[in-house]
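Participant: The file below is run31.cif, mmCIF, C-alpha atoms:
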```
data_data
loop_
_atom_site.group_PDB
_atom_site.id
_atom_site.type_symbol
_atom_site.label_atom_id
_atom_site.label_comp_id
_atom_site.auth_asym_id
_atom_site.auth_seq_id
_atom_site.Cartn_x
_atom_site.Cartn_y
_atom_site.Cartn_z
ATOM 1 C CA MET A 1 86.702 151.437 -160.942
ATOM 2 C CA ALA A 2 89.095 153.784 -159.375
ATOM 3 C CA GLY A 3 86.329 156.370 -158.733
ATOM 4 C CA LYS A 4 83.986 153.973 -156.968
ATOM 5 C CA LYS A 5 83.995 153.748 -153.226
ATOM 6 C CA ILE A 6 83.262 150.440 -151.665
ATOM 7 C CA LYS A 7 81.049 150.590 -148.546
ATOM 8 C CA ILE A 8 81.671 147.983 -145.931
ATOM 9 C CA PHE A 9 78.670 147.082 -143.778
ATOM 10 C CA ASN A 10 80.571 144.933 -141.339
ATOM 11 C CA GLN A 11 79.471 146.931 -138.272
ATOM 12 C CA LYS A 12 80.273 145.838 -134.755
ATOM 13 C CA GLY A 13 78.355 146.879 -131.601
ATOM 14 C CA PHE A 14 74.771 147.870 -130.838
ATOM 15 C CA THR A 15 72.651 150.649 -132.195
ATOM 16 C CA MET A 16 71.453 153.366 -129.852
ATOM 17 C CA LEU A 17 67.883 152.003 -130.049
ATOM 18 C CA GLU A 18 69.003 148.517 -128.979
ATOM 19 C CA LEU A 19 70.849 149.962 -125.991
ATOM 20 C CA ILE A 20 67.844 152.041 -124.908
ATOM 21 C CA VAL A 21 65.471 149.068 -125.174
ATOM 22 C CA SER A 22 67.890 146.865 -123.212
ATOM 23 C CA LEU A 23 68.267 149.457 -120.450
ATOM 24 C CA PHE A 24 64.473 149.882 -120.283
ATOM 25 C CA ILE A 25 63.962 146.112 -119.855
ATOM 26 C CA ILE A 26 66.671 145.911 -117.161
ATOM 27 C CA GLY A 27 65.084 148.873 -115.353
ATOM 28 C CA MET A 28 61.619 147.263 -115.415
ATOM 29 C CA ILE A 29 62.966 143.968 -114.039
ATOM 30 C CA SER A 30 64.949 145.782 -111.314
ATOM 31 C CA THR A 31 61.880 147.777 -110.256
ATOM 32 C CA ARG A 32 59.794 144.628 -110.004
ATOM 33 C CA VAL A 33 62.442 142.783 -107.968
ATOM 34 C CA LEU A 34 62.918 145.749 -105.610
ATOM 35 C CA SER A 35 59.188 146.167 -104.975
ATOM 36 C CA ASN A 36 58.824 142.446 -104.255
ATOM 37 C CA TYR A 37 61.791 142.622 -101.881
ATOM 38 C CA THR A 38 60.377 145.526 -99.829
ATOM 39 C CA SER A 39 56.936 143.914 -99.740
ATOM 40 C CA GLY A 40 58.459 140.653 -98.534
ATOM 41 C CA ARG A 41 60.467 142.488 -95.872
ATOM 42 C CA ARG A 42 57.322 144.193 -94.525
ATOM 43 C CA GLN A 43 55.439 140.884 -94.444
ATOM 44 C CA ALA A 44 58.353 139.246 -92.626
ATOM 45 C CA GLU A 45 58.465 142.069 -90.049
ATOM 46 C CA HIS A 46 54.734 141.612 -89.458
ATOM 47 C CA LYS A 47 55.040 137.861 -88.947
ATOM 48 C CA ILE A 48 58.021 138.347 -86.652
ATOM 49 C CA ALA A 49 56.090 140.893 -84.537
ATOM 50 C CA VAL A 50 53.129 138.512 -84.169
ATOM 51 C CA GLN A 51 55.371 135.571 -83.298
ATOM 52 C CA ARG A 52 57.325 137.701 -80.837
ATOM 53 C CA LEU A 53 54.179 138.831 -79.003
ATOM 54 C CA SER A 54 53.025 135.229 -78.781
ATOM 55 C CA SER A 55 56.465 134.124 -77.609
ATOM 56 C CA ASP A 56 56.635 136.938 -75.042
ATOM 57 C CA ILE A 57 53.278 135.897 -73.573
ATOM 58 C CA ARG A 58 54.626 132.337 -73.289
ATOM 59 C CA PHE A 59 57.797 133.732 -71.698
ATOM 60 C CA MET A 60 55.742 135.484 -69.002
ATOM 61 C CA GLN A 61 53.836 132.241 -68.461
ATOM 62 C CA ASN A 62 57.114 130.317 -68.105
ATOM 63 C CA ASN A 63 58.510 132.914 -65.693
ATOM 64 C CA THR A 64 55.456 132.333 -63.504
ATOM 65 C CA LEU A 65 55.727 128.542 -63.731
ATOM 66 C CA GLY A 66 59.435 128.682 -62.929
ATOM 67 C CA LEU A 67 58.908 131.099 -60.035
ATOM 68 C CA VAL A 68 61.466 133.459 -61.587
ATOM 69 C CA SER A 69 62.336 136.414 -59.376
ATOM 70 C CA ASN A 70 62.178 140.019 -60.498
ATOM 71 C CA GLU A 71 65.765 141.238 -60.979
ATOM 72 C CA LYS A 72 64.777 144.754 -59.887
ATOM 73 C CA THR A 73 63.275 143.728 -56.536
ATOM 74 C CA GLY A 74 65.086 140.433 -56.012
ATOM 75 C CA THR A 75 61.823 138.688 -55.070
ATOM 76 C CA ILE A 76 59.388 136.357 -56.770
ATOM 77 C CA PRO A 77 56.368 138.489 -57.702
ATOM 78 C CA PRO A 78 53.443 137.287 -55.551
ATOM 79 C CA GLY A 79 50.934 137.997 -58.325
ATOM 80 C CA GLY A 80 53.006 136.458 -61.122
ATOM 81 C CA TRP A 81 54.239 137.830 -64.427
ATOM 82 C CA GLY A 82 52.204 139.514 -67.160
ATOM 83 C CA ILE A 83 51.952 141.532 -70.345
ATOM 84 C CA HIS A 84 50.066 144.814 -70.669
ATOM 85 C CA ALA A 85 49.024 146.505 -73.929
ATOM 86 C CA ASP A 86 47.226 149.846 -74.040
ATOM 87 C CA ILE A 87 46.297 151.278 -77.447
ATOM 88 C CA SER A 88 45.013 154.530 -75.941
ATOM 89 C CA SER A 89 48.588 155.449 -74.939
ATOM 90 C CA SER A 90 50.643 153.715 -77.652
ATOM 91 C CA THR A 91 50.068 151.187 -80.413
ATOM 92 C CA ARG A 92 53.797 150.727 -80.944
ATOM 93 C CA HIS A 93 54.751 148.767 -77.804
ATOM 94 C CA TYR A 94 53.619 146.513 -74.971
ATOM 95 C CA VAL A 95 54.932 146.073 -71.434
ATOM 96 C CA PHE A 96 56.248 143.134 -69.391
ATOM 97 C CA PHE A 97 55.346 143.534 -65.734
ATOM 98 C CA THR A 98 55.447 141.770 -62.403
ATOM 99 C CA ASP A 99 52.265 141.801 -60.330
ATOM 100 C CA GLU A 100 53.914 142.860 -57.077
ATOM 101 C CA ASP A 101 50.679 143.625 -55.199
ATOM 102 C CA GLY A 102 48.801 140.468 -56.279
ATOM 103 C CA GLU A 103 45.784 142.461 -57.540
ATOM 104 C CA HIS A 104 45.806 140.750 -60.974
ATOM 105 C CA ASP A 105 46.131 144.114 -62.680
ATOM 106 C CA PHE A 106 48.888 146.302 -64.153
ATOM 107 C CA ASP A 107 50.206 149.288 -62.221
ATOM 108 C CA ALA A 108 52.814 151.581 -63.794
ATOM 109 C CA SER A 109 55.137 150.959 -60.836
ATOM 110 C CA GLU A 110 55.197 147.232 -61.739
ATOM 111 C CA GLU A 111 56.682 147.786 -65.209
ATOM 112 C CA TYR A 112 59.560 145.413 -65.924
ATOM 113 C CA LYS A 113 60.400 146.012 -69.599
ATOM 114 C CA VAL A 114 58.934 147.830 -72.626
ATOM 115 C CA VAL A 115 58.936 145.901 -75.918
ATOM 116 C CA LYS A 116 58.742 148.014 -79.085
ATOM 117 C CA LEU A 117 57.203 146.653 -82.265
ATOM 118 C CA PRO A 118 59.426 146.739 -85.396
ATOM 119 C CA GLY A 119 59.060 149.160 -88.305
ATOM 120 C CA ASP A 120 55.541 150.492 -88.897
ATOM 121 C CA ILE A 121 53.888 147.485 -87.265
ATOM 122 C CA ALA A 122 51.235 148.469 -84.708
ATOM 123 C CA ILE A 123 48.654 146.978 -82.392
ATOM 124 C CA ASP A 124 45.447 147.629 -84.304
ATOM 125 C CA SER A 125 42.846 146.561 -81.777
ATOM 126 C CA ILE A 126 42.268 144.721 -78.532
ATOM 127 C CA SER A 127 39.165 142.830 -77.524
ATOM 128 C CA VAL A 128 38.324 141.094 -74.268
ATOM 129 C CA LYS A 129 35.385 138.655 -74.145
ATOM 130 C CA GLY A 130 34.566 139.726 -77.706
ATOM 131 C CA ALA A 131 34.124 143.420 -76.816
ATOM 132 C CA ALA A 132 36.502 146.130 -78.005
ATOM 133 C CA SER A 133 38.856 147.445 -75.350
ATOM 134 C CA ASP A 134 41.612 150.047 -75.192
ATOM 135 C CA TRP A 135 43.812 147.843 -73.008
ATOM 136 C CA THR A 136 44.450 144.373 -71.714
ATOM 137 C CA SER A 137 46.544 142.883 -68.945
ATOM 138 C CA ILE A 138 47.321 139.188 -69.192
ATOM 139 C CA ILE A 139 48.696 137.831 -65.922
ATOM 140 C CA PHE A 140 49.813 134.319 -65.047
ATOM 141 C CA PHE A 141 49.284 133.692 -61.330
ATOM 142 C CA PRO A 142 51.475 131.044 -59.673
ATOM 143 C CA PRO A 143 51.696 128.155 -59.075
ATOM 144 C CA ASP A 144 49.311 126.649 -61.706
ATOM 145 C CA PRO A 145 49.524 129.263 -63.379
ATOM 146 C CA SER A 146 45.986 130.614 -63.438
ATOM 147 C CA THR A 147 45.398 133.069 -66.278
ATOM 148 C CA TYR A 148 43.909 136.446 -65.423
ATOM 149 C CA ILE A 149 42.811 138.623 -68.317
ATOM 150 C CA ASN A 150 41.789 142.100 -67.186
ATOM 151 C CA GLY A 151 41.368 140.801 -63.654
ATOM 152 C CA THR A 152 39.151 137.767 -64.339
ATOM 153 C CA THR A 153 39.817 134.108 -65.096
ATOM 154 C CA THR A 154 36.941 133.771 -67.567
ATOM 155 C CA SER A 155 38.037 136.203 -70.267
ATOM 156 C CA ILE A 156 39.555 135.692 -73.686
ATOM 157 C CA ALA A 157 41.981 138.339 -74.951
ATOM 158 C CA GLU A 158 42.506 139.069 -78.632
ATOM 159 C CA ILE A 159 45.305 141.384 -79.741
ATOM 160 C CA SER A 160 45.307 142.313 -83.444
ATOM 161 C CA ILE A 161 48.532 143.425 -85.087
ATOM 162 C CA ARG A 162 48.438 145.189 -88.482
ATOM 163 C CA GLU A 163 51.050 145.953 -91.115
ATOM 164 C CA PRO A 164 49.866 149.366 -92.387
ATOM 165 C CA VAL A 165 51.080 149.319 -96.006
ATOM 166 C CA SER A 166 49.672 145.953 -97.091
ATOM 167 C CA GLY A 167 46.929 145.867 -94.445
ATOM 168 C CA ASP A 168 47.977 142.355 -93.360
ATOM 169 C CA MET A 169 46.448 141.503 -90.001
ATOM 170 C CA ALA A 170 47.060 138.712 -87.504
ATOM 171 C CA LYS A 171 45.532 138.071 -84.096
ATOM 172 C CA VAL A 172 47.054 136.622 -80.953
ATOM 173 C CA LEU A 173 44.438 134.933 -78.776
ATOM 174 C CA VAL A 174 44.873 134.014 -75.114
ATOM 175 C CA ASN A 175 42.158 131.938 -73.475
ATOM 176 C CA PRO A 176 41.386 131.485 -69.749
ATOM 177 C CA TYR A 177 43.455 128.277 -69.674
ATOM 178 C CA GLY A 178 46.585 130.083 -70.828
ATOM 179 C CA LEU A 179 46.560 128.653 -74.345
ATOM 180 C CA ILE A 180 48.005 131.046 -76.905
ATOM 181 C CA ASP A 181 46.989 130.905 -80.546
ATOM 182 C CA ILE A 182 47.815 132.924 -83.654
ATOM 183 C CA ILE A 183 45.171 133.528 -86.325
ATOM 184 C CA GLU A 184 46.437 134.964 -89.610
#
```
Any chance you could put this one into structure tokens?
Facilitator:
Amino acid sequence: MAGKKIKIFNQKGFTMLELIVSLFIIGMISTRVLSNYTSGRRQAEHKIAVQRLSSDIRFMQNNTLGLVSNEKTGTIPPGGWGIHADISSSTRHYVFFTDEDGEHDFDASEEYKVVKLPGDIAIDSISVKGAASDWTSIIFFPPDPSTYINGTTTSIAEISIREPVSGDMAKVLVNPYGLIDIIE
């Protein structure tokens, strides 16, 4: 028995194949979690942009109701407060403005603040009275406030906001009575 070698099979640890399979499974799970995270972040940015536009329209309406003065001029705008969006110049922002001349329309000199949309979110389309348009001005005229959309009190404005990667779309509607609705 002196010439026989005894082999001990009491091995500890993992084989190379087990380690490779384990790393592959961990990698697949990590990839799935990361892709879900980025998709969820984009969807959240889209919802936030839609809610912010809706909230900003309400803010302009409240500024008109509260007879808030324009900090730049120190006066209450005679034509009220409004929001202007123009997709022919930029789909990435919209403008707060004060209707200083009371014409129920946006003039570049009346710009109060530019609001940029987050990430890749963009204004996809605008329609007024159901017809496609490159722009819209929504103005709340004091003291009621009356709602002027592109200069008339009988229009309905629809601003569509799209998230480009997933194609998610939501619409912000403003009717002649100043009611603001979101359709997702």
Participant: Find, counting all atoms listed in the file, the residue in A:Asp86, A:Asp124, A:Asp181, A:Glu110 that gets nearest to Ile161 in chain A.
Facilitator: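 Comparing A:Asp86, A:Asp124, A:Asp181, A:Glu110 against Ile161 in chain A, the winner is A:Asp124.
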Participant: Within 12 Å of range 172-180 of chain A, counting all atoms listed in the file, which residues qualify if same-chain residues fewer than 3 places away don't, as an NGL selection string?
Facilitator: :A and (47 or 49-62 or 64-65 or 82-83 or 123-130 or 136-141 or 144-162 or 169 or 183-184)
Participant: Quick one: which residues end up in the PyMOL selection byres ((chain A and resi 111) around 10) for this structure, as an NGL selection string?
Facilitator: :A and (82-84 or 95-100 or 106-110 or 112-114)
Participant: Calculate how many Å separate CA of Gly74 in chain A from CA of Pro142 in chain A, rounding to one decimal.
Facilitator: 16.9 Å
Participant: So how many Å separate CA of Lys116 in chain A and CA of His93 in chain A, to one decimal?
Facilitator: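 CA of Lys116 in chain A sits 4.3 Å away from CA of His93 in chain A.
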Participant: Take CA of Lys12 in chain A and CA of Phe24 in chain A and report the distance between them in Å, one decimal.
Facilitator: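 Straight-line distance from CA of Lys12 in chain A to CA of Phe24 in chain A works out to 21.8 Å.
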Participant: Ranking A:Gly40, A:Ser133, A:Gly102, A:Ser90 by minimum distance to Val115 in chain A and counting all atoms listed in the file, which one comes first?
Facilitator: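 Smallest separation from Val115 in chain A among the options: A:Ser90.
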Participant: Nearest to Ile48 in chain A: which of A:Ala170, A:Ala132, A:Ile25, A:Leu67 is it, counting all atoms listed in the file?
Facilitator: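 Counting all atoms listed in the file, the residue closest to Ile48 in chain A is A:Ala170.
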Participant: Between A:Trp135, A:Arg41, A:Tyr94, A:Val21, single out the one closest to Leu117 in chain A, counting only C-alpha atoms.
Facilitator: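 Going through A:Trp135, A:Arg41, A:Tyr94, A:Val21 one by one, the smallest distance to Leu117 in chain A is for A:Tyr94.
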Participant: Using the file's own x, y and z axes, what box holds all listed atoms of range 109-112 of chain A with 3 Å on each side, keeping edges along x, y and z, and what are its centre and edge lengths in Å to one decimal, as lines of an AutoDock Vina configuration file?
Facilitator:
```
center_x = 57.3
center_y = 148.2
center_z = -63.4
size_x = 10.4
size_y = 11.5
size_z = 11.1
```
Participant: Taking the file as shown, what set of residues would the PyMOL selection byres ((chain A and resi 42) around 12) give back, as a list in words?
Facilitator: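 On this input, the PyMOL selection byres ((chain A and resi 42) around 12) captures Ser35, Asn36, Tyr37, Thr38, Ser39, Gly40, Arg41, Gln43, Ala44, Glu45, His46, Lys47, Ile48, Ala49, Pro118, Gly119, Asp120, Ile121, Arg162, Glu163, Pro164, Val165, Ser166, Gly167 and Asp168 of chain A.
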Participant: Could the residues in this selection be saved with C-alpha atoms as an mmCIF file, keeping the file's coordinate frame?
Facilitator:
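Resulting contents of out25.cif:
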```
data_model
loop_
_atom_site.group_PDB
_atom_site.id
_atom_site.type_symbol
_atom_site.label_atom_id
_atom_site.label_comp_id
_atom_site.auth_asym_id
_atom_site.auth_seq_id
_atom_site.Cartn_x
_atom_site.Cartn_y
_atom_site.Cartn_z
ATOM 1 C CA SER A 35 59.188 146.167 -104.975
ATOM 2 C CA ASN A 36 58.824 142.446 -104.255
ATOM 3 C CA TYR A 37 61.791 142.622 -101.881
ATOM 4 C CA THR A 38 60.377 145.526 -99.829
ATOM 5 C CA SER A 39 56.936 143.914 -99.740
ATOM 6 C CA GLY A 40 58.459 140.653 -98.534
ATOM 7 C CA ARG A 41 60.467 142.488 -95.872
ATOM 8 C CA GLN A 43 55.439 140.884 -94.444
ATOM 9 C CA ALA A 44 58.353 139.246 -92.626
ATOM 10 C CA GLU A 45 58.465 142.069 -90.049
ATOM 11 C CA HIS A 46 54.734 141.612 -89.458
ATOM 12 C CA LYS A 47 55.040 137.861 -88.947
ATOM 13 C CA ILE A 48 58.021 138.347 -86.652
ATOM 14 C CA ALA A 49 56.090 140.893 -84.537
ATOM 15 C CA PRO A 118 59.426 146.739 -85.396
ATOM 16 C CA GLY A 119 59.060 149.160 -88.305
ATOM 17 C CA ASP A 120 55.541 150.492 -88.897
ATOM 18 C CA ILE A 121 53.888 147.485 -87.265
ATOM 19 C CA ARG A 162 48.438 145.189 -88.482
ATOM 20 C CA GLU A 163 51.050 145.953 -91.115
ATOM 21 C CA PRO A 164 49.866 149.366 -92.387
ATOM 22 C CA VAL A 165 51.080 149.319 -96.006
ATOM 23 C CA SER A 166 49.672 145.953 -97.091
ATOM 24 C CA GLY A 167 46.929 145.867 -94.445
ATOM 25 C CA ASP A 168 47.977 142.355 -93.360
#
```
